[in-house]
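Asker: Below is a structure I'd like to ask you about.
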Amino acid sequence: MLGDDFQYFLALAATGTITGTAEHLGISQPALSKAMQRLERKVGARLVTRSARGIELTEAGKAFHARLQAASRDMEDAVQEARNLGGNDAGLLRMGVTPATTDFTLQALLPALTVERPAASIAFTTAFSNAMMEKVSRRDVELAVCPVPERLDAALECETLYEDPCSLMMQSSHPLARKETISLDDITRYPWAATGQHEFTRLQVRSAFARRGLSLPRIVVEADTLNALILVVARTGLISMINTRNVQAGGLPGNVVVRPLALSGMDRRIGILRRAGYLSPIAQRAVELLRAETAPKEIAAPSDDAA
């Protein structure tokens with residue numbers, strides 16, 4: 001939607017090399033270099049510099065890039081909204097999920113959305129909850145299914161879908177595996193595998209230890225995906241957190257078991273996070289499907305024939 005020079009700059013920032021960007025765009029390297037020179041003259045500032053690693057953005061280039069990305073998304077949204085209002089309901093849904101909500105979201109939305117809207121496009125983005133809030137704020141995604149944040153920006157809205165209890169996972173040979181329920185005192189003696197320091201569950205654990213005046217357990221391994229954490233536990237004997245719905249959604253390695261954690265305040269709410277304001281028809285339908293997935297299922301009464 002933006003002019004060619006602007007689009008070339010976005011591509012260059014993403015690729016990081018003149019050669020790779022030119023090949024991707026299908027233009028010559030000199031043509032790309034001239035386009036960047038024109039753009040810098042128009043902006044009145046140096047936007048990129050060459051380094052041993054390729055192309056790097058200057059401070060002005062980084063600020064310009066952030067603004068340009070936002071403008072590009074706004075243009076895409078404006079075009080899509082006009083198409084929707086004009087009767088073209090093909091739709092584009094940019095959907096955010098966390099590792100813990102991926103299975104639930106895919107089960108709720110697919111294949112329903114693709115069957116109902118065969119011309120639609122759906123783009124899923126996976127990130128932990130702290131990064132997902134930023135993606136919603138920046139309009140990288142239109143909707144996100146993620147833990148409900150304690151504090152919500154005024155420009156955002158959140159609707160709770162379900163409660164997601166936390167448990168501990170460990171190898172079946174681990175000393176804690178013999179306990180029916182595990183307290184916070186029990187787990188202070190054992191090393192952990194954990195998510196990043198700013199991820200929702202990690203922050204919950206830190207707060208729980210702080211409230212009881214306990215030292216944090218030693219974090220030996222950090223991983224940024226749920227599958228990675230499960231594999232680490234299966235291979236190392238470390239313990240880690242897992243949410244109950246994930247245990248139900250998919251199997252664990254044969255040597256990994258899950259035990260309840262006797263700790264109040266560790267259960268979390270999962271909800272739909274979105275920006276306030278316009279919501280495209282396909283996003284509205286996605287919300288309906290997500291709500292339906294968590295609604296109580298009716299059990300059919302036995303027929304007279306079955307009696």
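A note on labels: chains of the structure tokens are A, B, ... as shown, every chain counts residues from 1, and ligands are counted from 1 in their shown order.
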Could you pull out the helix (DSSP H, G or I) residues of region 64-171 of chain A, going by DSSP on the backbone, and write them as a PyMOL selection string?

Answerer: chain A and resi 64-85+102-109+112-116+129-137

Asker: Env of region 181-184 of chain A: 8 Å cut, atoms = only C-alpha atoms, seq-sep filter 2 positions within chain, self excluded. Answer as a list in words.

Answerer: Leu176, Lys179, Asp186, Ile187, Thr188, Phe209, Arg259, Pro260, Leu261, Ala262 and Leu263 of chain A

Asker: Name all residues at most 9 Å from Ala100 (chain A) (count only C-alpha atoms; drop same-chain ones fewer than 4 positions away) and give them as a ChimeraX atom specification.

Answerer: /A:104,128,146,225-226,242-243,245-246

Asker: Excluding region 12-16 of chain A and residues on its chain fewer than 6 positions from it, collect all residues at most 7 Å away from it, counting only C-alpha atoms, and give them as a PDB file with all heavy atoms, in the first residue's frame.

Answerer:
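Wrote it out as around06.pdb, contents follow:
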```
ATOM      1  N   GLY A  54      26.246  -6.695   7.501  1.00  0.00           N
ATOM      2  CA  GLY A  54      25.266  -6.347   6.486  1.00  0.00           C
ATOM      3  C   GLY A  54      24.764  -4.930   6.669  1.00  0.00           C
ATOM      4  O   GLY A  54      25.552  -4.008   6.877  1.00  0.00           O
ATOM      5  N   ILE A  55      23.459  -4.757   6.618  1.00  0.00           N
ATOM      6  CA  ILE A  55      22.839  -3.449   6.768  1.00  0.00           C
ATOM      7  C   ILE A  55      22.258  -3.314   8.174  1.00  0.00           C
ATOM      8  O   ILE A  55      21.576  -4.221   8.665  1.00  0.00           O
ATOM      9  CB  ILE A  55      21.716  -3.255   5.723  1.00  0.00           C
ATOM     10  CG1 ILE A  55      22.309  -3.190   4.324  1.00  0.00           C
ATOM     11  CG2 ILE A  55      20.925  -1.988   6.007  1.00  0.00           C
ATOM     12  CD1 ILE A  55      23.212  -1.981   4.100  1.00  0.00           C
ATOM     13  N   GLU A  56      22.544  -2.194   8.819  1.00  0.00           N
ATOM     14  CA  GLU A  56      21.980  -1.926  10.135  1.00  0.00           C
ATOM     15  C   GLU A  56      21.240  -0.590  10.098  1.00  0.00           C
ATOM     16  O   GLU A  56      21.647   0.335   9.385  1.00  0.00           O
ATOM     17  CB  GLU A  56      23.072  -1.881  11.208  1.00  0.00           C
ATOM     18  CG  GLU A  56      23.754  -3.238  11.441  1.00  0.00           C
ATOM     19  CD  GLU A  56      24.757  -3.179  12.573  1.00  0.00           C
ATOM     20  OE1 GLU A  56      24.965  -2.067  13.110  1.00  0.00           O
ATOM     21  OE2 GLU A  56      25.318  -4.236  12.922  1.00  0.00           O
TER      22      GLU A  56
END
```

Asker: If you measure from CA of Ser129 (chain A) to CA of Leu10 (chain A), what distance in Å do you get, rounded to one decimal?

Answerer: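 We find that CA of Ser129 (chain A) and CA of Leu10 (chain A) lie 26.0 Å from each other.
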
Asker: Within 8 Å of region 231-240 of chain A, counting only C-alpha atoms, which residues qualify if same-chain residues fewer than 4 places away don't, as number ranges by chain?

Answerer: A: 168-171, 174, 190-194, 221, 227, 253, 255-256

Asker: What does the file look like for those residues with N, CA and C atoms, as a PDB file, in the first residue's frame?

Answerer:
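Generated file (again.pdb):
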```
ATOM      1  N   LEU A 168       3.017 -29.165  38.355  1.00  0.00           N
ATOM      2  CA  LEU A 168       4.447 -29.399  38.162  1.00  0.00           C
ATOM      3  C   LEU A 168       4.639 -30.631  37.288  1.00  0.00           C
ATOM      4  N   MET A 169       5.641 -30.595  36.417  1.00  0.00           N
ATOM      5  CA  MET A 169       5.997 -31.798  35.662  1.00  0.00           C
ATOM      6  C   MET A 169       7.434 -32.165  35.993  1.00  0.00           C
ATOM      7  N   MET A 170       7.670 -33.466  35.991  1.00  0.00           N
ATOM      8  CA  MET A 170       8.982 -33.996  36.372  1.00  0.00           C
ATOM      9  C   MET A 170       9.093 -35.415  35.841  1.00  0.00           C
ATOM     10  N   GLN A 171      10.288 -35.972  35.923  1.00  0.00           N
ATOM     11  CA  GLN A 171      10.455 -37.371  35.553  1.00  0.00           C
ATOM     12  C   GLN A 171       9.788 -38.265  36.586  1.00  0.00           C
ATOM     13  N   HIS A 174      11.694 -38.887  39.756  1.00  0.00           N
ATOM     14  CA  HIS A 174      12.032 -37.760  40.630  1.00  0.00           C
ATOM     15  C   HIS A 174      11.435 -37.981  42.022  1.00  0.00           C
ATOM     16  N   TYR A 190      14.973 -28.249  44.731  1.00  0.00           N
ATOM     17  CA  TYR A 190      15.302 -28.895  43.465  1.00  0.00           C
ATOM     18  C   TYR A 190      15.506 -27.873  42.350  1.00  0.00           C
ATOM     19  N   PRO A 191      16.441 -28.135  41.439  1.00  0.00           N
ATOM     20  CA  PRO A 191      16.680 -27.216  40.303  1.00  0.00           C
ATOM     21  C   PRO A 191      15.546 -27.285  39.295  1.00  0.00           C
ATOM     22  N   TRP A 192      15.394 -26.187  38.538  1.00  0.00           N
ATOM     23  CA  TRP A 192      14.249 -26.003  37.642  1.00  0.00           C
ATOM     24  C   TRP A 192      14.663 -25.792  36.193  1.00  0.00           C
ATOM     25  N   ALA A 193      13.708 -26.071  35.310  1.00  0.00           N
ATOM     26  CA  ALA A 193      13.717 -25.550  33.940  1.00  0.00           C
ATOM     27  C   ALA A 193      12.558 -24.565  33.873  1.00  0.00           C
ATOM     28  N   ALA A 194      12.765 -23.411  33.272  1.00  0.00           N
ATOM     29  CA  ALA A 194      11.739 -22.367  33.334  1.00  0.00           C
ATOM     30  C   ALA A 194      11.687 -21.575  32.037  1.00  0.00           C
ATOM     31  N   VAL A 221      17.988 -24.264  33.343  1.00  0.00           N
ATOM     32  CA  VAL A 221      17.738 -24.144  31.910  1.00  0.00           C
ATOM     33  C   VAL A 221      16.543 -23.222  31.692  1.00  0.00           C
ATOM     34  N   ASN A 227       7.156 -27.066  24.242  1.00  0.00           N
ATOM     35  CA  ASN A 227       7.737 -28.339  23.810  1.00  0.00           C
ATOM     36  C   ASN A 227       9.181 -28.474  24.257  1.00  0.00           C
ATOM     37  N   PRO A 253       6.074 -37.190  27.170  1.00  0.00           N
ATOM     38  CA  PRO A 253       6.970 -38.346  27.067  1.00  0.00           C
ATOM     39  C   PRO A 253       6.666 -39.365  28.163  1.00  0.00           C
ATOM     40  N   ASN A 255       8.354 -40.874  30.316  1.00  0.00           N
ATOM     41  CA  ASN A 255       9.016 -40.767  31.621  1.00  0.00           C
ATOM     42  C   ASN A 255       8.679 -39.481  32.361  1.00  0.00           C
ATOM     43  N   VAL A 256       7.707 -38.703  31.849  1.00  0.00           N
ATOM     44  CA  VAL A 256       7.330 -37.424  32.479  1.00  0.00           C
ATOM     45  C   VAL A 256       5.938 -37.560  33.092  1.00  0.00           C
TER      46      VAL A 256
END
```

Asker: Residues within 8 Å of region 287-291 of chain A, please, as an MDAnalysis selection string. Count only C-alpha atoms; anything in the same chain fewer than 5 positions from it doesn't count.

Answerer: chainID A and resid 105 108:109 161 272

Asker: Go through A:Arg211, A:Arg218, A:Arg46, A:Arg274 one by one, measure the shortest atom-to-atom distance of each to Val136 (chain A) using only C-alpha atoms, and give the residue with the smallest value.

Answerer: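 Of all the options, A:Arg274 lies closest to Val136 (chain A).
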
Asker: Name the residues of region 179-245 of chain A that fall into strand (DSSP E or B) according to DSSP on the backbone, using the chain letters and numbers of this document, as a ChimeraX atom specification.

Answerer: /A:182,192-194,219-222,239-243

Asker: Write a file of the selected residues as a CSV table (one decimal), in the first residue's frame, keeping all heavy atoms.

Answerer:
```csv
chain,number,residue,atom,x,y,z
A,182,ILE,N,2.1,-31.2,46.0
A,182,ILE,CA,3.5,-30.6,46.3
A,182,ILE,C,3.3,-29.2,46.8
A,182,ILE,O,2.6,-28.4,46.2
A,182,ILE,CB,4.3,-30.7,45.0
A,182,ILE,CG1,4.5,-32.2,44.6
A,182,ILE,CG2,5.7,-30.1,45.3
A,182,ILE,CD1,5.1,-32.3,43.2
A,192,TRP,N,15.4,-26.2,38.5
A,192,TRP,CA,14.2,-26.0,37.6
A,192,TRP,C,14.7,-25.8,36.2
A,192,TRP,O,15.8,-25.3,35.9
A,192,TRP,CB,13.5,-24.8,38.1
A,192,TRP,CG,12.5,-25.0,39.2
A,192,TRP,CD1,12.7,-25.5,40.4
A,192,TRP,CD2,11.1,-24.6,39.1
A,192,TRP,NE1,11.6,-25.5,41.1
A,192,TRP,CE2,10.5,-25.0,40.4
A,192,TRP,CE3,10.3,-24.0,38.2
A,192,TRP,CZ2,9.2,-24.8,40.7
A,192,TRP,CZ3,9.0,-23.8,38.5
A,192,TRP,CH2,8.4,-24.2,39.7
A,193,ALA,N,13.7,-26.1,35.3
A,193,ALA,CA,13.7,-25.6,33.9
A,193,ALA,C,12.6,-24.6,33.9
A,193,ALA,O,11.5,-24.8,34.4
A,193,ALA,CB,13.5,-26.7,32.9
A,194,ALA,N,12.8,-23.4,33.3
A,194,ALA,CA,11.7,-22.4,33.3
A,194,ALA,C,11.7,-21.6,32.0
A,194,ALA,O,12.6,-21.6,31.2
A,194,ALA,CB,12.0,-21.4,34.5
A,219,ILE,N,17.4,-21.8,38.7
A,219,ILE,CA,17.0,-22.1,37.3
A,219,ILE,C,18.3,-22.5,36.6
A,219,ILE,O,19.2,-21.8,36.4
A,219,ILE,CB,16.4,-20.8,36.7
A,219,ILE,CG1,15.3,-20.3,37.5
A,219,ILE,CG2,16.0,-21.1,35.3
A,219,ILE,CD1,14.1,-21.2,37.7
A,220,VAL,N,18.2,-23.8,36.1
A,220,VAL,CA,19.3,-24.3,35.4
A,220,VAL,C,19.2,-24.1,33.9
A,220,VAL,O,20.2,-23.8,33.2
A,220,VAL,CB,19.5,-25.8,35.7
A,220,VAL,CG1,20.6,-26.5,34.9
A,220,VAL,CG2,19.7,-26.1,37.2
A,221,VAL,N,18.0,-24.3,33.3
A,221,VAL,CA,17.7,-24.1,31.9
A,221,VAL,C,16.5,-23.2,31.7
A,221,VAL,O,15.5,-23.3,32.4
A,221,VAL,CB,17.4,-25.5,31.3
A,221,VAL,CG1,17.1,-25.4,29.8
A,221,VAL,CG2,18.6,-26.4,31.4
A,222,GLU,N,16.7,-22.3,30.7
A,222,GLU,CA,15.5,-21.5,30.3
A,222,GLU,C,15.2,-21.9,28.8
A,222,GLU,O,16.1,-22.1,28.0
A,222,GLU,CB,15.9,-20.0,30.3
A,222,GLU,CG,15.9,-19.4,31.7
A,222,GLU,CD,16.1,-17.9,31.7
A,222,GLU,OE1,16.1,-17.3,30.6
A,222,GLU,OE2,16.1,-17.3,32.8
A,239,ILE,N,12.7,-30.0,37.2
A,239,ILE,CA,11.2,-29.9,37.3
A,239,ILE,C,10.8,-28.6,36.6
A,239,ILE,O,11.6,-27.6,36.5
A,239,ILE,CB,10.7,-29.9,38.8
A,239,ILE,CG1,11.3,-28.8,39.6
A,239,ILE,CG2,11.1,-31.3,39.4
A,239,ILE,CD1,10.8,-28.7,41.0
A,240,SER,N,9.6,-28.5,36.2
A,240,SER,CA,9.1,-27.3,35.6
A,240,SER,C,7.6,-27.2,35.8
A,240,SER,O,6.9,-28.1,36.2
A,240,SER,CB,9.4,-27.2,34.1
A,240,SER,OG,9.1,-26.0,33.5
A,241,MET,N,7.0,-26.0,35.4
A,241,MET,CA,5.6,-25.8,35.5
A,241,MET,C,4.9,-26.2,34.1
A,241,MET,O,5.5,-26.1,33.1
A,241,MET,CB,5.3,-24.3,35.7
A,241,MET,CG,5.9,-23.7,37.0
A,241,MET,SD,5.1,-24.3,38.5
A,241,MET,CE,3.5,-23.6,38.3
A,242,ILE,N,3.7,-26.6,34.3
A,242,ILE,CA,2.9,-26.9,33.1
A,242,ILE,C,1.4,-26.7,33.4
A,242,ILE,O,1.0,-26.9,34.6
A,242,ILE,CB,3.1,-28.3,32.5
A,242,ILE,CG1,2.4,-28.5,31.2
A,242,ILE,CG2,2.6,-29.4,33.5
A,242,ILE,CD1,2.8,-29.8,30.4
A,243,ASN,N,0.6,-26.2,32.5
A,243,ASN,CA,-0.8,-25.9,32.8
A,243,ASN,C,-1.6,-27.1,32.5
A,243,ASN,O,-1.3,-27.9,31.5
A,243,ASN,CB,-1.3,-24.7,32.0
A,243,ASN,CG,-0.6,-23.4,32.5
A,243,ASN,OD1,0.4,-23.0,32.0
A,243,ASN,ND2,-1.2,-22.8,33.5
```

Asker: Enter the distance from CA of Ala286 (chain A) to CA of Gln69 (chain A), in Å, rounded to one decimal.

Answerer: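 Taking CA of Ala286 (chain A) as the start and CA of Gln69 (chain A) as the end point, the length is 24.9 Å.
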